[in-house]
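Participant: Next comes protein37.cif, mmCIF, C-alpha atoms:
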data_work
loop_
_atom_site.label_atom_id
_atom_site.label_comp_id
_atom_site.auth_asym_id
_atom_site.auth_seq_id
_atom_site.Cartn_x
_atom_site.Cartn_y
_atom_site.Cartn_z
CA MET A 1 91.21 163.18 99.82
CA LYS A 2 90.94 160.28 102.18
CA ASP A 3 89.28 157.12 100.91
CA ALA A 4 85.72 156.54 102.09
CA ARG A 5 85.34 155.20 105.59
CA LYS A 6 84.46 151.52 105.79
CA ALA A 7 81.73 149.93 107.89
CA VAL A 8 80.67 146.36 108.33
CA ALA A 9 76.94 145.82 108.79
CA LEU A 10 75.49 142.89 110.70
CA ILE A 11 73.01 141.47 108.22
CA SER A 12 70.34 139.12 109.54
CA GLY A 13 68.24 139.16 106.40
CA GLY A 14 65.47 141.17 108.05
CA LEU A 15 64.30 144.68 107.31
CA ASP A 16 66.07 146.57 110.11
CA SER A 17 69.60 145.55 109.18
CA LEU A 18 68.81 146.25 105.51
CA LEU A 19 67.70 149.79 106.37
CA ALA A 20 70.58 150.46 108.75
CA ALA A 21 73.10 149.50 106.08
CA LYS A 22 71.32 151.60 103.45
CA VAL A 23 71.23 154.68 105.67
CA ILE A 24 75.01 154.52 106.14
CA GLN A 25 75.68 153.63 102.51
CA GLN A 26 73.81 156.78 101.51
CA GLN A 27 76.30 158.84 103.48
CA GLY A 28 79.10 157.72 101.19
CA VAL A 29 80.49 155.07 103.54
CA HIS A 30 81.76 151.82 101.99
CA VAL A 31 79.60 149.10 103.53
CA GLU A 32 80.07 145.33 103.49
CA GLY A 33 77.82 142.83 105.22
CA ILE A 34 78.56 140.09 107.72
CA ASN A 35 76.13 137.31 108.51
CA PHE A 36 76.59 134.75 111.26
CA TYR A 37 75.40 131.18 111.01
CA THR A 38 74.74 129.66 114.43
CA GLY A 39 73.00 126.43 113.41
CA PHE A 40 69.75 127.73 114.88
CA CYS A 41 68.96 130.08 112.00
CA VAL A 42 65.47 129.49 110.70
CA GLU A 43 66.01 130.08 107.04
CA GLY A 44 67.82 127.63 104.88
CA HIS A 45 67.23 124.33 106.53
CA THR A 46 63.57 123.77 106.86
CA HIS A 47 62.61 124.86 103.38
CA ALA A 48 64.89 122.18 102.04
CA ILE A 49 63.31 119.44 104.09
CA ARG A 50 59.54 119.72 104.08
CA LYS A 51 57.68 119.53 100.82
CA LYS A 52 55.04 121.98 101.95
CA ASP A 53 57.77 124.57 102.48
CA ARG A 54 59.35 123.99 99.10
CA ALA A 55 56.78 126.18 97.40
CA LYS A 56 58.06 129.18 99.37
CA PRO A 57 60.82 131.25 97.80
CA LYS A 58 64.07 129.44 98.40
CA ARG A 59 66.20 132.45 98.95
CA ASN A 60 68.73 133.16 101.63
CA ASN A 61 67.48 136.44 103.05
CA ALA A 62 70.92 137.73 104.02
CA LEU A 63 72.18 137.21 100.46
CA TRP A 64 69.00 138.81 99.14
CA VAL A 65 69.60 141.87 101.34
CA ALA A 66 73.22 142.10 100.18
CA GLU A 67 72.06 141.98 96.60
CA GLN A 68 69.53 144.77 97.17
CA LEU A 69 72.27 146.90 98.68
CA GLY A 70 74.90 145.92 96.12
CA ILE A 71 77.33 145.00 98.89
CA LYS A 72 79.58 142.02 99.54
CA LEU A 73 78.39 139.57 102.17
CA HIS A 74 80.67 137.51 104.39
CA ILE A 75 78.87 134.53 105.89
CA VAL A 76 80.64 133.28 108.99
CA ASP A 77 80.18 129.86 110.52
CA ILE A 78 80.12 130.31 114.31
CA ILE A 79 78.48 126.96 115.12
CA GLU A 80 81.21 125.73 117.47
CA GLU A 81 81.91 128.96 119.37
CA TYR A 82 78.20 129.69 119.65
CA LYS A 83 77.61 126.62 121.82
CA ASP A 84 78.94 128.44 124.87
CA VAL A 85 76.49 131.30 124.24
CA VAL A 86 73.55 128.89 124.20
CA ILE A 87 74.69 126.71 127.08
CA ASN A 88 76.03 129.37 129.47
CA PRO A 89 74.41 132.73 128.74
CA LYS A 90 75.73 135.25 131.23
CA HIS A 91 72.58 137.35 130.89
CA GLY A 92 70.19 134.39 130.89
CA TYR A 93 67.45 133.38 128.51
CA GLY A 94 64.40 135.15 127.14
CA ALA A 95 60.96 133.53 127.12
CA ASN A 96 62.45 130.30 125.72
CA LEU A 97 66.05 129.11 125.37
CA ASN A 98 66.92 132.29 123.48
CA PRO A 99 70.04 133.96 124.86
CA CYS A 100 69.36 137.14 122.87
CA LEU A 101 71.54 139.56 124.79
CA ASP A 102 74.56 137.26 124.98
CA CYS A 103 74.00 136.45 121.32
CA LYS A 104 74.12 140.10 120.31
CA VAL A 105 77.22 140.74 122.41
CA PHE A 106 78.89 137.72 120.83
CA MET A 107 78.04 138.73 117.26
CA VAL A 108 79.18 142.32 117.73
CA GLN A 109 82.37 141.00 119.31
CA LYS A 110 82.97 138.78 116.25
CA ALA A 111 82.30 141.80 114.04
CA ARG A 112 84.83 143.83 116.04
CA GLU A 113 87.45 141.13 115.49
CA TRP A 114 86.52 141.17 111.80
CA ILE A 115 86.95 144.94 111.36
CA GLU A 116 90.33 144.80 113.09
CA LYS A 117 91.49 142.04 110.77
CA ASN A 118 90.08 143.66 107.64
CA ASP A 119 90.94 147.26 108.41
CA PHE A 120 87.39 148.59 108.59
CA ASP A 121 86.43 151.61 110.67
CA PHE A 122 83.18 150.78 112.44
CA ILE A 123 80.24 148.41 112.92
CA ILE A 124 76.57 149.02 112.24
CA THR A 125 73.52 147.06 113.37
CA GLY A 126 69.80 147.40 112.75
CA GLU A 127 69.01 147.55 116.47
CA VAL A 128 66.12 149.74 117.59
CA ILE A 129 65.50 150.65 121.23
CA GLY A 130 62.46 148.78 122.50
CA GLN A 131 62.13 146.55 119.44
CA ARG A 132 62.94 143.33 121.29
CA PRO A 133 62.13 142.77 124.96
CA LYS A 134 65.36 140.99 125.89
CA SER A 135 68.15 142.48 123.85
CA GLN A 136 67.04 145.75 122.29
CA ARG A 137 66.36 148.03 125.23
CA LYS A 138 67.80 151.38 126.18
CA ASP A 139 69.70 149.79 129.09
CA THR A 140 71.08 146.88 127.04
CA MET A 141 72.49 149.00 124.22
CA PRO A 142 75.53 150.15 126.26
CA VAL A 143 75.98 146.59 127.61
CA ILE A 144 76.36 145.27 124.07
CA ALA A 145 78.79 148.05 123.11
CA ARG A 146 80.88 147.52 126.24
CA GLU A 147 80.95 143.74 126.53
CA SER A 148 81.63 143.20 122.82
CA GLY A 149 84.61 145.55 123.07
CA ALA A 150 83.21 147.58 120.16
CA ASP A 151 82.45 150.53 122.46
CA GLN A 152 82.25 153.76 120.48
CA LEU A 153 82.73 151.98 117.16
CA LEU A 154 79.24 150.49 117.29
CA LEU A 155 76.66 152.63 115.52
CA ARG A 156 72.91 151.95 115.38
CA PRO A 157 71.71 154.16 112.53
CA LEU A 158 67.99 153.53 113.14
CA CYS A 159 68.02 154.82 116.72
CA ALA A 160 71.32 156.71 116.98
CA LYS A 161 69.61 160.00 117.82
CA ASN A 162 68.27 158.44 121.01
CA LEU A 163 71.73 157.29 122.07
CA GLU A 164 74.99 158.98 122.98
CA PRO A 165 77.05 159.99 119.91
CA THR A 166 79.58 157.38 118.78
CA THR A 167 82.98 157.80 117.14
CA PRO A 168 81.66 157.78 113.54
CA GLU A 169 79.35 160.67 114.48
CA LEU A 170 81.87 162.58 116.61
CA GLU A 171 84.58 162.26 113.97
CA GLY A 172 82.21 163.34 111.21
CA TRP A 173 82.47 160.07 109.28
CA VAL A 174 78.68 160.16 109.24
CA ASP A 175 76.21 162.99 109.74
CA ARG A 176 74.27 162.34 112.95
CA GLU A 177 71.46 164.59 111.71
CA LYS A 178 70.74 162.13 108.91
CA LEU A 179 70.41 159.19 111.30
CA HIS A 180 67.13 158.14 112.91
CA ASP A 181 65.33 158.07 116.25
CA PHE A 182 63.14 154.98 115.92
CA GLU A 183 61.89 153.56 119.19
CA GLY A 184 59.48 150.89 120.38
CA ARG A 185 57.88 147.83 118.90
CA THR A 186 56.07 149.60 116.07
CA ARG A 187 57.25 148.71 112.57
CA LYS A 188 55.71 151.75 110.91
CA PRO A 189 58.84 153.95 110.69
CA GLN A 190 60.80 151.04 109.22
CA MET A 191 58.09 150.34 106.68
CA ALA A 192 57.94 154.01 105.69
CA LEU A 193 61.72 154.14 105.27
CA ALA A 194 61.66 150.93 103.24
CA LYS A 195 59.10 152.52 100.96
CA GLN A 196 61.21 155.63 100.63
CA PHE A 197 64.21 153.51 99.59
CA GLY A 198 62.04 151.44 97.25
CA PHE A 199 62.52 148.15 99.07
CA GLU A 200 59.71 145.66 98.58
CA ASP A 201 59.35 141.97 99.27
CA TYR A 202 61.64 142.06 102.30
CA ALA A 203 61.51 139.25 104.87
CA GLN A 204 59.20 139.78 107.82
CA PRO A 205 60.24 137.22 110.38
CA ALA A 206 57.82 136.73 113.26
CA GLY A 207 59.74 136.44 116.51
CA GLY A 208 63.12 136.72 114.92
CA CYS A 209 65.05 134.40 112.71
CA CYS A 210 66.24 131.95 115.33
CA PHE A 211 64.76 128.60 116.35
CA LEU A 212 65.66 129.29 119.99
CA THR A 213 62.84 131.83 120.20
CA ASP A 214 60.39 129.03 119.33
CA ALA A 215 58.72 127.48 122.40
CA GLN A 216 58.35 123.99 120.97
CA TYR A 217 61.90 123.91 119.67
CA SER A 218 63.27 125.08 123.03
CA HIS A 219 61.19 122.42 124.78
CA LYS A 220 62.75 119.74 122.59
CA LEU A 221 66.24 121.06 123.25
CA ALA A 222 65.64 121.16 127.02
CA ASP A 223 64.26 117.61 126.84
CA MET A 224 67.36 116.42 124.99
CA TRP A 225 69.66 117.96 127.60
CA LYS A 226 67.65 116.42 130.43
CA ALA A 227 67.60 112.96 128.84
CA ARG A 228 71.34 113.01 128.24
CA GLY A 229 72.16 114.53 131.61
CA ASP A 230 74.45 116.95 129.85
CA ARG A 231 73.84 120.38 128.33
CA LYS A 232 75.77 119.76 125.14
CA TYR A 233 74.88 119.49 121.47
CA GLU A 234 76.32 118.79 118.07
CA LEU A 235 75.11 120.35 114.81
CA ASP A 236 73.34 117.10 113.87
CA ASP A 237 71.39 117.18 117.15
CA ILE A 238 70.04 120.67 116.59
CA MET A 239 69.24 119.89 112.97
CA LEU A 240 67.24 116.82 113.98
CA LEU A 241 65.27 118.90 116.50
CA LYS A 242 63.89 120.79 113.50
CA VAL A 243 62.66 117.66 111.75
CA GLY A 244 59.82 115.23 112.36
CA ARG A 245 57.48 114.46 115.21
CA HIS A 246 59.35 113.78 118.46
CA LEU A 247 57.92 111.31 120.96
CA ARG A 248 59.57 110.20 124.19
CA PRO A 249 57.93 106.98 125.43
CA ARG A 250 60.71 106.33 127.97
CA SER A 251 63.21 108.63 129.65
CA HIS A 252 66.13 106.83 127.99
CA PHE A 253 64.94 106.99 124.38
CA LYS A 254 62.88 109.11 122.07
CA MET A 255 61.55 108.54 118.57
CA ILE A 256 61.99 110.95 115.67
CA ILE A 257 59.19 110.19 113.22
CA GLY A 258 59.25 111.56 109.67
CA ARG A 259 56.00 113.38 108.84
CA GLU A 260 56.29 113.26 105.08
CA ASP A 261 58.57 112.23 102.23
CA GLY A 262 60.89 115.21 102.53
CA GLU A 263 61.52 114.53 106.20
CA ASN A 264 61.87 110.78 105.66
CA LYS A 265 64.47 111.49 103.03
CA PHE A 266 66.33 113.81 105.36
CA LEU A 267 66.21 111.27 108.23
CA HIS A 268 67.37 108.58 105.82
CA GLY A 269 70.75 110.31 105.71
CA TYR A 270 71.11 109.73 109.47
CA ARG A 271 69.86 106.14 109.61
CA LYS A 272 73.27 104.51 110.04
CA GLN A 273 73.93 106.51 113.20
CA TYR A 274 70.67 105.42 114.87
CA THR A 275 68.55 102.37 115.52
CA HIS A 276 65.79 102.89 112.98
CA LEU A 277 62.44 101.44 112.02
CA PHE A 278 60.10 101.56 109.04
CA THR A 279 56.97 99.75 107.94
CA THR A 280 57.19 97.33 105.02
CA SER A 281 53.57 96.17 104.63
CA HIS A 282 52.26 99.73 104.42
CA LYS A 283 53.63 103.09 103.41
CA GLY A 284 54.94 104.85 106.48
CA PRO A 285 57.57 106.98 108.17
CA LEU A 286 61.21 106.41 108.81
CA VAL A 287 61.76 106.49 112.56
CA LEU A 288 65.06 107.12 114.32
CA ILE A 289 65.62 106.12 117.94
CA ASP A 290 67.64 108.67 119.88
CA GLY A 291 69.02 107.19 123.09
CA LYS A 292 69.40 103.60 124.18
CA ILE A 293 66.46 101.34 123.53
CA GLU A 294 66.25 97.93 125.24
CA GLU A 295 65.40 94.73 123.39
CA ASP A 296 62.01 94.44 125.11
CA GLU A 297 61.10 97.99 124.12
CA LEU A 298 61.45 97.37 120.38
CA GLU A 299 57.89 96.01 120.29
CA LEU A 300 56.53 99.31 121.62
CA ALA A 301 58.64 101.30 119.16
CA ALA A 302 57.35 99.12 116.32
CA GLN A 303 53.72 99.62 117.44
CA ILE A 304 54.22 103.39 117.49
CA THR A 305 55.91 103.31 114.09
CA ALA A 306 52.90 101.35 112.75
CA ARG A 307 50.55 103.92 114.28
CA PHE A 308 52.06 106.66 112.12
CA SER A 309 51.94 104.55 108.93
CA GLN A 310 49.09 104.13 106.48
CA GLY A 311 48.39 100.84 108.24
CA ARG A 312 47.28 102.61 111.44
CA ASN A 313 43.86 100.92 111.24
CA ALA A 314 45.12 97.53 110.06
CA ASP A 315 45.18 94.46 112.32
CA LYS A 316 48.80 93.75 111.58
CA VAL A 317 51.64 95.86 110.20
CA ASP A 318 55.12 94.60 109.34
CA VAL A 319 57.90 96.74 110.76
CA GLU A 320 61.55 96.34 109.92
CA ILE A 321 63.98 97.24 112.68
CA HIS A 322 67.68 97.93 112.20
CA THR A 323 69.67 98.17 115.38
CA LEU A 324 72.82 100.17 115.91
CA ALA A 325 74.67 96.87 116.26
CA GLY A 326 73.82 96.16 112.63
CA GLU A 327 71.13 93.54 113.23
CA SER A 328 67.91 93.65 111.29
CA LEU A 329 64.64 92.00 112.23
CA VAL A 330 61.01 92.12 111.19
CA ARG A 331 58.16 92.35 113.69
CA GLN A 332 54.50 91.99 112.90
CA VAL A 333 52.63 94.26 115.29
CA THR A 334 49.23 95.77 115.95
CA PRO A 335 49.48 99.57 115.74
CA ILE A 336 49.19 101.24 119.12
CA ALA A 337 45.86 103.03 119.60
CA GLY A 338 45.98 106.82 119.46
CA GLU A 339 44.55 107.13 122.96
CA ALA A 340 47.23 104.77 124.30
CA ILE A 341 49.87 107.41 123.55
CA PRO A 342 49.97 109.78 126.53
CA ARG A 343 50.01 113.43 125.57
CA GLU A 344 53.25 113.99 127.49
CA TRP A 345 55.12 111.65 125.15
CA TYR A 346 54.80 114.29 122.45
CA LEU A 347 57.61 116.81 122.68
CA MET B 1 101.48 131.87 81.51
CA VAL B 2 98.49 131.54 83.79
CA PHE B 3 97.83 128.30 85.59
CA VAL B 4 94.28 127.66 86.58
CA SER B 5 93.01 124.77 88.61
CA GLU B 6 89.74 122.94 88.81
CA ALA B 7 88.78 122.33 92.40
CA GLN B 8 85.96 120.25 93.77
CA LEU B 9 83.90 120.58 96.92
CA ASP B 10 81.68 117.88 98.35
CA ALA B 11 78.76 119.58 100.12
CA ARG B 12 76.34 116.68 99.84
CA ARG B 13 73.85 116.27 102.72
CA MET B 14 74.68 119.78 103.96
CA LEU B 15 71.78 122.15 104.22
CA CYS B 16 71.96 125.80 103.26
CA PRO B 17 73.71 127.94 104.19
CA MET B 18 76.46 125.36 104.85
CA PRO B 19 77.14 124.69 101.13
CA VAL B 20 77.49 128.46 100.67
CA ILE B 21 79.83 128.80 103.65
CA ARG B 22 81.99 125.90 102.45
CA THR B 23 82.05 127.43 98.94
CA GLN B 24 83.17 130.76 100.38
CA GLN B 25 85.93 129.07 102.40
CA LYS B 26 87.12 127.08 99.39
CA VAL B 27 87.13 130.13 97.10
CA GLU B 28 89.34 131.97 99.60
CA GLN B 29 92.03 129.36 98.94
CA LEU B 30 91.73 129.60 95.14
CA HIS B 31 93.04 132.11 92.62
CA THR B 32 91.42 134.30 90.00
CA GLY B 33 90.45 132.18 87.01
CA ASP B 34 90.27 128.90 88.95
CA THR B 35 87.06 126.95 88.71
CA LEU B 36 85.24 125.15 91.47
CA ALA B 37 82.64 122.41 91.16
CA VAL B 38 80.36 122.22 94.19
CA LEU B 39 78.53 118.95 94.59
CA CYS B 40 75.42 119.28 96.75
CA THR B 41 72.02 117.79 97.49
CA ASP B 42 70.10 120.70 99.05
CA PRO B 43 67.99 122.30 96.30
CA GLY B 44 68.34 125.60 98.18
CA ALA B 45 71.93 125.73 96.92
CA ILE B 46 70.64 126.24 93.36
CA HIS B 47 69.47 129.68 94.49
CA ASP B 48 71.96 130.49 97.21
CA ILE B 49 75.28 129.73 95.51
CA PRO B 50 74.45 131.79 92.38
CA ALA B 51 73.26 134.61 94.69
CA TRP B 52 76.51 134.38 96.62
CA CYS B 53 78.42 134.58 93.31
CA ARG B 54 76.49 137.67 92.20
CA VAL B 55 76.99 139.39 95.55
CA ASN B 56 80.70 138.65 95.77
CA GLY B 57 81.56 139.09 92.10
CA HIS B 58 82.26 135.52 91.00
CA GLU B 59 80.98 133.86 87.85
CA LEU B 60 78.44 131.08 87.70
CA ILE B 61 79.41 128.71 84.87
CA ASP B 62 76.60 126.17 84.98
CA ILE B 63 74.33 124.04 87.12
CA GLU B 64 73.85 120.37 86.39
CA GLN B 65 71.19 118.32 88.12
CA LYS B 66 71.24 114.54 88.04
CA ASP B 67 68.74 112.66 90.21
CA ASP B 68 69.16 114.19 93.65
CA GLU B 69 72.67 115.51 93.11
CA ILE B 70 73.44 118.99 91.91
CA THR B 71 76.76 120.19 90.55
CA ILE B 72 77.28 123.96 90.54
CA ARG B 73 80.35 125.21 88.67
CA ILE B 74 81.75 128.62 89.38
CA ARG B 75 84.76 130.63 88.25
CA VAL B 76 86.69 132.69 90.76
CA CYS B 77 86.92 136.32 89.71
CA GLU B 78 89.04 139.11 91.06
CA ALA B 79 87.74 140.37 94.38
#
Kindly present the structure from the file in structure tokens form.

Facilitator:
Amino acid sequence: MKDARKAVALISGGLDSLLAAKVIQQQGVHVEGINFYTGFCVEGHTHAIRKKDRAKPKRNNALWVAEQLGIKLHIVDIIEEYKDVVINPKHGYGANLNPCLDCKVFMVQKAREWIEKNDFDFIITGEVIGQRPKSQRKDTMPVIARESGADQLLLRPLCAKNLEPTTPELEGWVDREKLHDFEGRTRKPQMALAKQFGFEDYAQPAGGCCFLTDAQYSHKLADMWKARGDRKYELDDIMLLKVGRHLRPRSHFKMIIGREDGENKFLHGYRKQYTHLFTTSHKGPLVLIDGKIEEDELELAAQITARFSQGRNADKVDVEIHTLAGESLVRQVTPIAGEAIPREWYL
Amino acid sequence: MVFVSEAQLDARRMLCPMPVIRTQQKVEQLHTGDTLAVLCTDPGAIHDIPAWCRVNGHELIDIEQKDDEITIRIRVCEA
């Protein structure tokens, strides 16, 4: 008897990919998981930074899903290669800077390369027709299969009955009759199936698990590209976009202001790469300056720093400034008034 | 005779899942029975690295926390 067929499942950590993998596992197929880390993934980072988020369960959802399924999980760092997907999406962006369709094509393509290297038979995803407006539509499903090069080796167990049969079905590796025909934005069939399998406490991400679907985050990324005159980024850049309050008083510099201890601590790790300010007479934030600040603009930056300290109502606040050149100076300033900060400075 | 090695990985200042990814990459270069000490600062690693070990069949030896630094020791088991 031939060994069981082997499938790799794209595991995001959400319910759909959990169910898709389970459905195939139940048909006697050996399933392993693959999870891609782009740098924009929501889970992981933020809970480690902000104190208010520390109370939430600190689990990695993809690992949690793998544990529920009893499968191995391969986490793949695609940070570098993913930049081209974000910067030059062939199929464009969704409502924000989310290149969902290109992203899916890219991930399935990476999974195809993985199955070739690891001698697996096919790929499964938790995609459902109509679930997502940009990437999970009836007309985009074949685009993903074709452009990723996975073609007939890409099976979507949750909506397979609404699609043309794929190789695993045609070859009898899986029974098409036991696959599903979910469609649309409703979550009810998924929730019913989860109940049937006994899955509880699964992650329910609103708007996906990617920061690029977040309007404010995308606005900050677009602002960064505009200010630098170049649509590029490094991992540190996209991490810093997740942290602090961002204010741009001038086109050539912005301020990243820690909102609480956790963020200040995180920003502290970056202080040597940036001109930075902090208040010494009062408790206050650590502030990084991104861009090139002129000597005569340090006063304004100090006044803003003071505004976000506990000395916001004091007559004078002492602010220590450390420049990128390694100089340090102390300025005594009056905190800028709240109404003197134009709304458009806030990113 | 079996030779085992004790490897170290510096994942300080990395945020999850990077410490997990680096651990996975390091383990791929090691042999069954080798141990690896992962030094990290993200408290998320206290949950994620043991979960990664459980999922992929490796053994968690211990977790030591000193100030803000965490050392997670694992033993590589047969895949």

Participant: Using the chain letters and residue numbers of this document, give as JSON, numbers by chain the residues selected by the PyMOL selection byres ((chain B and resi 60) around 8).

Facilitator: {"B": [50, 53, 58, 59, 61, 62, 72, 73, 74, 75]}

Participant: Take the PyMOL selection byres ((chain B) within 8 of (chain A)), apply it to the structure above, and return the hits as a PDB file with C-alpha atoms, keeping the file's coordinate frame.

Facilitator:
ATOM      1  CA  ARG B  13      73.850 116.270 102.720  1.00  0.00           C
ATOM      2  CA  LEU B  15      71.780 122.150 104.220  1.00  0.00           C
ATOM      3  CA  CYS B  16      71.960 125.800 103.260  1.00  0.00           C
ATOM      4  CA  PRO B  17      73.710 127.940 104.190  1.00  0.00           C
ATOM      5  CA  ILE B  21      79.830 128.800 103.650  1.00  0.00           C
ATOM      6  CA  GLN B  24      83.170 130.760 100.380  1.00  0.00           C
ATOM      7  CA  ASP B  42      70.100 120.700  99.050  1.00  0.00           C
ATOM      8  CA  PRO B  43      67.990 122.300  96.300  1.00  0.00           C
ATOM      9  CA  GLY B  44      68.340 125.600  98.180  1.00  0.00           C
ATOM     10  CA  HIS B  47      69.470 129.680  94.490  1.00  0.00           C
ATOM     11  CA  ASP B  48      71.960 130.490  97.210  1.00  0.00           C
ATOM     12  CA  ALA B  51      73.260 134.610  94.690  1.00  0.00           C
ATOM     13  CA  TRP B  52      76.510 134.380  96.620  1.00  0.00           C
ATOM     14  CA  ARG B  54      76.490 137.670  92.200  1.00  0.00           C
ATOM     15  CA  VAL B  55      76.990 139.390  95.550  1.00  0.00           C
ATOM     16  CA  ASN B  56      80.700 138.650  95.770  1.00  0.00           C
TER      17      ASN B  56
END

Participant: Would you kindly identify which residues have an atom no farther than 9 Å from (65.1, 148.7, 121.8), using all atoms listed in the file and the file's own coordinates, and write them out as a PyMOL selection string?

Facilitator: chain A and resi 127-141+159+182-185

Participant: So how far away is CA of Arg231 (chain A) from CA of Ile293 (chain A), in Å?

Facilitator: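 Separation of CA of Ile293 (chain A) and CA of Arg231 (chain A): 21.0 Å.
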
Participant: Do you know which residues the PyMOL selection byres ((chain A and resi 214) around 12) returns on this file, as a ChimeraX atom specification?

Facilitator: /A:40-42,94-98,206-213,215-221,241-242

Participant: Contacts of Gln65 (chain B) at 10 Å or less, counting only C-alpha atoms, minus same-chain residues fewer than 2 places along, as a list in words?

Facilitator: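 Within the cut-off, the hits are Leu39, Cys40, Thr41, Pro43, Ile46, Ile63, Asp67, Asp68, Glu69, Ile70, Thr71 and Ile72 of chain B.
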
Participant: Point out the residue among A:Leu298, A:Ala160, A:Ala21, A:Ile238 with the least atom-to-atom distance to Phe253 (chain A), counting all atoms listed in the file.

Facilitator: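 Between A:Leu298, A:Ala160, A:Ala21, A:Ile238, the residue approaching Phe253 (chain A) most closely is A:Leu298.
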
Participant: For a test of reading the model, state the distance in Å between CA of His322 (chain A) and CA of Arg343 (chain A), rounded to one decimal.

Facilitator: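 A separation of 27.0 Å between them.
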
Participant: At what distance in Å, to one decimal, does CA of Tyr274 (chain A) lie from CA of Arg331 (chain A)?

Facilitator: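 Atom-to-atom, CA of Arg331 (chain A) and CA of Tyr274 (chain A) are spaced 18.1 Å apart.
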
Participant: When you look at region 29-35 of chain B with a cut-off of 6 Å (counting all atoms listed in the file), what residues show up, excluding the ones that are within fewer than 3 positions of it in the same chain? I need them as a short mmCIF file (atom, residue, chain, number, x, y, z; two decimals) with C-alpha atoms, in the frame of the given file.

Facilitator:
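selection05.cif, written as the output of this step:
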data_model
loop_
_atom_site.label_atom_id
_atom_site.label_comp_id
_atom_site.auth_asym_id
_atom_site.auth_seq_id
_atom_site.Cartn_x
_atom_site.Cartn_y
_atom_site.Cartn_z
CA VAL B 4 94.28 127.66 86.58
CA SER B 5 93.01 124.77 88.61
CA GLU B 6 89.74 122.94 88.81
CA LYS B 26 87.12 127.08 99.39
CA ILE B 74 81.75 128.62 89.38
CA ARG B 75 84.76 130.63 88.25
CA VAL B 76 86.69 132.69 90.76
CA CYS B 77 86.92 136.32 89.71
CA GLU B 78 89.04 139.11 91.06
#
